[in-house]
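Visitor: My structure is below; once you've seen it, I'll send some questions.
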Amino acid sequence: MPNPVICTISDACCGCGACSAACPKGCISMERNGLGFSFSIVDPEACIACGACERACPAIGERSVDQLQLVSWAKSDSSELLDRSSSGGMFGLLARNVLSEGGVVCGAAFDDGCRMVHHVLVDNEAGLDALMRSKYVQSSIGKEVYRGVRNAIRSGRRVLFAGTACQVAGMRGYLGKLGESDLFLSVDVICHGVPSPELWSRWIDYRGEAFGSDVRDVNMRNKTTGWLSYSTAYKHVAEKDNAGGIESQVYGEDWYMKAFLSNASLRSSCLACPAKRSSGSDITLGDFWGFQNTHPEVDCSKGVSAVLCNTEKGERAFKAISRLTVNGPTTLDEVIVGNPSLISSVCPHPKRDEFLNDVASGSSIPDLMAKWKFRQSLRQRVRGKLSAFKRRLKKLQILD
Ligand SMILES: Cc1cc2nc3c(=O)[nH]c(=O)nc-3n(C[C@H](O)[C@H](O)[C@H](O)COP(=O)(O)OP(=O)(O)OC[C@H]3O[C@@H](n4cnc5c(N)ncnc54)[C@H](O)[C@@H]3O)c2cc1C
Ligand code: SF4
Ligand code: SF4
Ligand code: SF4
């Protein structure tokens, strides 16, 4: 009976779903484990050993290192776009450019009352906002999304696909030669890793219960107190005896974010990432952490991006939007100093397995919070204090 290599990779599977979309017999299903992470399951009875799944899979085989054409710092010249983005608003500008030419954009959006994150396709500006901003939970990509990307390119439309490096590698594996078309532009984000979808959906339910009304929207990179001291903002639905409103937890105080940044809730594949600097993406985007120290003359209070153009196509796309940005040259080393996740996988929390066992065995959020404190690092404490100070200052200005 056929036994494709994807059946043997176990924890190396990053859950991108490319194999399932590529299988001509439709015999690979994506199934969630107790943490909500999806893994591929092959029906051996239906498999014809064609190898399409292995060719698409980012976790199998050697990957060539992305070549750097240009590295830049950049931020949108629109403060409205900066407010709506996690970093310097580069994704929004690239997306608007593609949409203005009748193209399609594919990225991660919340679903099911913010409990889940899925990749979706949009072809208009109104739909774009849902794709913007980082959602720190694994996004799933269904077969219909893979096919939607392929069909749009085949019909002559430009497509911008954005996601984590493994998702870009999976999409490129699925598209094969079509992925080299000038119509296809891929963007990967510098990736720390992706947390458990099960933990996230339980956390959202808990936030709803704690506040007294359901969560309607989440901004995990709220910049009200600045880009460096961002907060997580939960917008609640107004209900009968509740006016709704926004609940905000500053950087380093939100328990879910503490679990994420302590590397306790990440997927196993993220501990030995198969796609860092080798996704084949045209552009890599990230926060340019540390930029404020090397470029104090530039106002980066609302965010600044590190932009790595890995291909000529990527460089052309960045140049097409650069008149709408403030930007300048930099080096790969400068980006890596504040952002080691660009090239290295993170070290897991020393008790990650125990924490994830607790999540998978169904512990409630209050029980998890009581047992797992995830104490902040010194850097996080300083950022938290800075953020609280800024909020106080803002209040005083309002009173004045
Ligand atoms: C899980 C995750 C971890 C990250 N880790 C780092 C890091 O360690 N260092 C760093 O510098 N930057 C990291 N980033 C990237 C950073 O947060 C910004 O997304 C990036 O700088 C782009 O910002 P922007 O202002 O250009 O656009 P934004 O409008 O903020 O664009 C966000 C983009 O990310 C995509 N996206 C959002 N959530 C997900 C998701 N769950 N899965 C896949 N794609 C998603 C959206 O589709 C969109 O394309 C991470 C992002 C994610 C999603
Ligand atoms: S080898 Fe071919 S038929 Fe078998 S699971 Fe992989 S893609 Fe499907
Ligand atoms: S293609 Fe993606 S989902 Fe399928 S086995 Fe490989 S890593 Fe896992
Ligand atoms: S760290 Fe690597 S494996 Fe994990 S989500 Fe990011 S790109 Fe994928």
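In the structure tokens, the first chain shown is A, the next is B, and so on; residue numbers restart at 1 for each chain, and ligands run from 1 in the order shown.
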Quick check for you: according to DSSP on this backbone, which residues of segment 214-282 of chain A are classed as strand (DSSP E or B)? Reply as a PyMOL selection string.
Guide: chain A and resi 215-222+231-236+239+242+245-250+266
Visitor: Based on the selection just made, write C-alpha atoms of those residues as a compact mmCIF listing (two decimals), in the first residue's frame.
Guide:
# COMPACT_ATOMS: atom_id res chain seq x y z
CA VAL A 215 -15.80 39.81 21.25
CA ARG A 216 -16.48 41.37 17.84
CA ASP A 217 -13.00 42.38 16.76
CA VAL A 218 -9.43 42.13 18.04
CA ASN A 219 -6.42 44.29 17.31
CA MET A 220 -3.34 42.51 18.65
CA ARG A 221 -1.18 45.46 17.62
CA ASN A 222 -3.15 48.44 18.90
CA SER A 231 -1.52 46.71 23.38
CA THR A 232 -4.12 44.09 22.55
CA ALA A 233 -7.57 45.61 22.10
CA TYR A 234 -10.75 43.53 22.25
CA LYS A 235 -13.85 45.18 20.86
CA HIS A 236 -17.06 43.84 22.43
CA GLU A 239 -25.72 43.63 24.32
CA ASN A 242 -24.12 46.14 28.33
CA GLY A 245 -16.90 48.82 24.19
CA ILE A 246 -13.18 48.25 23.93
CA GLU A 247 -11.11 46.40 26.48
CA SER A 248 -7.39 46.96 26.15
CA GLN A 249 -4.48 45.06 27.71
CA VAL A 250 -1.05 46.63 27.38
CA LEU A 266 3.81 27.55 19.57
Visitor: Distance limit 6 Å, reference ligand 3, atoms considered: only C-alpha atoms and all ligand atoms. Which residues make the cut? Give them as a PyMOL selection string.
Guide: chain A and resi 6+13-19+39-40+56-59
Visitor: Write out as number ranges by chain the residues lying within 12 Å of Gly362 of chain A, counting only C-alpha atoms and excluding same-chain residues fewer than 3 positions away.
Guide: A: 34-36, 198-199, 202, 355-359, 365-368
Visitor: Please give me, as JSON, numbers by chain, the residues lying within 7 Å of ligand 1 when counting only C-alpha atoms and all ligand atoms.
Guide: {"A": [82, 84, 85, 86, 87, 88, 89, 90, 91, 92, 106, 107, 108, 109, 117, 131, 132, 133, 134, 135, 136, 137, 138, 139, 162, 163, 164, 189, 190, 191, 192, 193, 194, 285, 286, 287, 288, 289, 305, 339, 341, 342]}
Visitor: Mind checking DSSP for segment 152-213 of chain A and telling me the helix (DSSP H, G or I) residues as a PyMOL selection string?
Guide: chain A and resi 152-154+165-180+197-211
Visitor: Keeping N, CA, C and O atoms, export the residues of the selection given above as a tab-separated table (two decimals), in the first residue's frame.
Guide:
chain	number	residue	atom	x	y	z
A	152	ALA	N	-7.20	32.55	-10.26
A	152	ALA	CA	-7.06	34.00	-10.53
A	152	ALA	C	-5.84	34.24	-11.43
A	152	ALA	O	-5.91	35.02	-12.39
A	153	ILE	N	-4.72	33.57	-11.15
A	153	ILE	CA	-3.53	33.76	-12.00
A	153	ILE	C	-3.83	33.26	-13.42
A	153	ILE	O	-3.53	33.94	-14.40
A	154	ARG	N	-4.46	32.09	-13.50
A	154	ARG	CA	-4.77	31.53	-14.82
A	154	ARG	C	-5.68	32.45	-15.62
A	154	ARG	O	-5.63	32.48	-16.84
A	165	ALA	N	6.23	32.16	6.40
A	165	ALA	CA	7.16	31.61	5.39
A	165	ALA	C	6.75	30.22	4.94
A	165	ALA	O	6.79	29.90	3.74
A	166	CYS	N	6.28	29.37	5.87
A	166	CYS	CA	5.90	28.01	5.47
A	166	CYS	C	4.65	28.04	4.59
A	166	CYS	O	4.50	27.21	3.68
A	167	GLN	N	3.76	29.00	4.83
A	167	GLN	CA	2.56	29.09	3.98
A	167	GLN	C	2.93	29.56	2.57
A	167	GLN	O	2.37	29.07	1.59
A	168	VAL	N	3.88	30.50	2.50
A	168	VAL	CA	4.31	30.94	1.17
A	168	VAL	C	4.99	29.77	0.45
A	168	VAL	O	4.73	29.51	-0.74
A	169	ALA	N	5.84	29.04	1.17
A	169	ALA	CA	6.53	27.90	0.55
A	169	ALA	C	5.51	26.85	0.09
A	169	ALA	O	5.64	26.27	-0.99
A	170	GLY	N	4.47	26.62	0.90
A	170	GLY	CA	3.43	25.66	0.54
A	170	GLY	C	2.66	26.13	-0.70
A	170	GLY	O	2.40	25.35	-1.61
A	171	MET	N	2.30	27.42	-0.72
A	171	MET	CA	1.57	27.94	-1.88
A	171	MET	C	2.43	27.85	-3.14
A	171	MET	O	1.95	27.45	-4.21
A	172	ARG	N	3.70	28.17	-3.01
A	172	ARG	CA	4.59	28.09	-4.17
A	172	ARG	C	4.75	26.63	-4.63
A	172	ARG	O	4.79	26.34	-5.81
A	173	GLY	N	4.83	25.72	-3.65
A	173	GLY	CA	4.94	24.29	-4.00
A	173	GLY	C	3.70	23.84	-4.75
A	173	GLY	O	3.77	23.09	-5.73
A	174	TYR	N	2.54	24.30	-4.31
A	174	TYR	CA	1.27	23.93	-4.95
A	174	TYR	C	1.20	24.51	-6.37
A	174	TYR	O	0.79	23.82	-7.32
A	175	LEU	N	1.62	25.77	-6.52
A	175	LEU	CA	1.49	26.44	-7.83
A	175	LEU	C	2.51	25.95	-8.84
A	175	LEU	O	2.29	26.02	-10.05
A	176	GLY	N	3.65	25.46	-8.37
A	176	GLY	CA	4.71	25.02	-9.29
A	176	GLY	C	5.13	26.17	-10.20
A	176	GLY	O	5.33	27.30	-9.74
A	177	LYS	N	5.24	25.91	-11.51
A	177	LYS	CA	5.70	26.93	-12.49
A	177	LYS	C	4.84	28.20	-12.47
A	177	LYS	O	5.34	29.30	-12.69
A	178	LEU	N	3.55	28.00	-12.18
A	178	LEU	CA	2.63	29.16	-12.18
A	178	LEU	C	3.07	30.20	-11.14
A	178	LEU	O	2.84	31.40	-11.30
A	179	GLY	N	3.73	29.73	-10.09
A	179	GLY	CA	4.19	30.63	-9.03
A	179	GLY	C	5.30	31.56	-9.50
A	179	GLY	O	5.63	32.54	-8.83
A	180	GLU	N	5.90	31.24	-10.64
A	180	GLU	CA	6.97	32.12	-11.16
A	180	GLU	C	6.41	33.20	-12.07
A	180	GLU	O	7.12	34.10	-12.53
A	197	PRO	N	-4.45	27.28	17.93
A	197	PRO	CA	-5.80	27.81	17.66
A	197	PRO	C	-6.81	27.44	18.74
A	197	PRO	O	-7.74	28.19	19.01
A	198	GLU	N	-6.62	26.29	19.39
A	198	GLU	CA	-7.56	25.88	20.45
A	198	GLU	C	-7.44	26.83	21.64
A	198	GLU	O	-8.44	27.28	22.20
A	199	LEU	N	-6.19	27.16	22.01
A	199	LEU	CA	-5.98	28.09	23.13
A	199	LEU	C	-6.62	29.43	22.79
A	199	LEU	O	-7.27	30.05	23.63
A	200	TRP	N	-6.44	29.89	21.55
A	200	TRP	CA	-6.98	31.19	21.15
A	200	TRP	C	-8.51	31.21	21.23
A	200	TRP	O	-9.09	32.13	21.79
A	201	SER	N	-9.17	30.16	20.72
A	201	SER	CA	-10.63	30.22	20.71
A	201	SER	C	-11.16	30.17	22.15
A	201	SER	O	-12.12	30.86	22.49
A	202	ARG	N	-10.49	29.41	23.02
A	202	ARG	CA	-10.91	29.38	24.42
A	202	ARG	C	-10.69	30.74	25.08
A	202	ARG	O	-11.48	31.20	25.90
A	203	TRP	N	-9.57	31.39	24.71
A	203	TRP	CA	-9.23	32.70	25.27
A	203	TRP	C	-10.29	33.74	24.86
A	203	TRP	O	-10.72	34.56	25.67
A	204	ILE	N	-10.74	33.67	23.61
A	204	ILE	CA	-11.74	34.64	23.14
A	204	ILE	C	-13.06	34.43	23.87
A	204	ILE	O	-13.72	35.40	24.28
A	205	ASP	N	-13.43	33.17	24.09
A	205	ASP	CA	-14.66	32.90	24.85
A	205	ASP	C	-14.52	33.46	26.28
A	205	ASP	O	-15.45	34.06	26.82
A	206	TYR	N	-13.34	33.24	26.85
A	206	TYR	CA	-13.10	33.73	28.22
A	206	TYR	C	-13.17	35.26	28.29
A	206	TYR	O	-13.76	35.82	29.21
A	207	ARG	N	-12.60	35.95	27.31
A	207	ARG	CA	-12.64	37.43	27.30
A	207	ARG	C	-14.08	37.91	27.22
A	207	ARG	O	-14.46	38.88	27.84
A	208	GLY	N	-14.87	37.18	26.41
A	208	GLY	CA	-16.29	37.54	26.30
A	208	GLY	C	-17.00	37.39	27.64
A	208	GLY	O	-17.73	38.27	28.08
A	209	GLU	N	-16.72	36.24	28.32
A	209	GLU	CA	-17.36	36.01	29.63
A	209	GLU	C	-16.90	37.06	30.64
A	209	GLU	O	-17.70	37.61	31.39
A	210	ALA	N	-15.59	37.34	30.67
A	210	ALA	CA	-15.04	38.28	31.66
A	210	ALA	C	-15.61	39.68	31.46
A	210	ALA	O	-15.85	40.41	32.42
A	211	PHE	N	-15.87	40.06	30.21
A	211	PHE	CA	-16.34	41.42	29.93
A	211	PHE	C	-17.87	41.50	29.97
A	211	PHE	O	-18.44	42.57	30.12
Visitor: For each of A:Ala52, A:Ala12, A:Met30, A:Leu70, take the minimum atom-to-atom distance to ligand 2, counting only C-alpha atoms and all ligand atoms, then give the residue where this is smallest.
Guide: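 Comparing A:Ala52, A:Ala12, A:Met30, A:Leu70 against ligand 2, the winner is A:Ala52.
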Visitor: Pick from A:Leu160, A:Ile343, A:Val71, A:Cys114: nearest to ligand 4, with only C-alpha atoms and all ligand atoms counted?
Guide: A:Ile343
Visitor: When distances are computed from only C-alpha atoms, which of A:Ser181, A:Ser278, A:Gln292, A:Ser155 shows the smallest separation from Gly338 of chain A?
Guide: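 Answer, going by the shortest atom-to-atom distance: A:Gln292.
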Visitor: Could the residues of chain A that have an atom at most 6 Å from ligand 2 be listed as a tab-separated table, each with its closest atom pair and the distance in Å to one decimal, counting only C-alpha atoms and all ligand atoms and ordered by chain and ascending residue number?
Guide:
residue	atom	partner	partner_atom_place_in_ligand_line	distance
A:Pro4	CA	ligand 2	1 (S)	5.4
A:Cys23	CA	ligand 2	7 (S)	3.6
A:Pro24	CA	ligand 2	8 (Fe)	5.9
A:Lys25	CA	ligand 2	3 (S)	5.2
A:Cys27	CA	ligand 2	8 (Fe)	5.5
A:Ile28	CA	ligand 2	5 (S)	5.8
A:Val42	CA	ligand 2	5 (S)	5.6
A:Cys47	CA	ligand 2	4 (Fe)	3.7
A:Ile48	CA	ligand 2	3 (S)	4.4
A:Ala49	CA	ligand 2	1 (S)	3.7
A:Cys50	CA	ligand 2	2 (Fe)	3.9
A:Gly51	CA	ligand 2	1 (S)	4.1
A:Ala52	CA	ligand 2	7 (S)	4.3
A:Cys53	CA	ligand 2	7 (S)	4.1
Visitor: Find the residue from A:Thr331, A:Asn263, A:Ser269, A:Ser361 that sits nearest to His349 of chain A; use only C-alpha atoms when measuring.
Guide: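 Between A:Thr331, A:Asn263, A:Ser269, A:Ser361, the residue approaching His349 of chain A most closely is A:Asn263.
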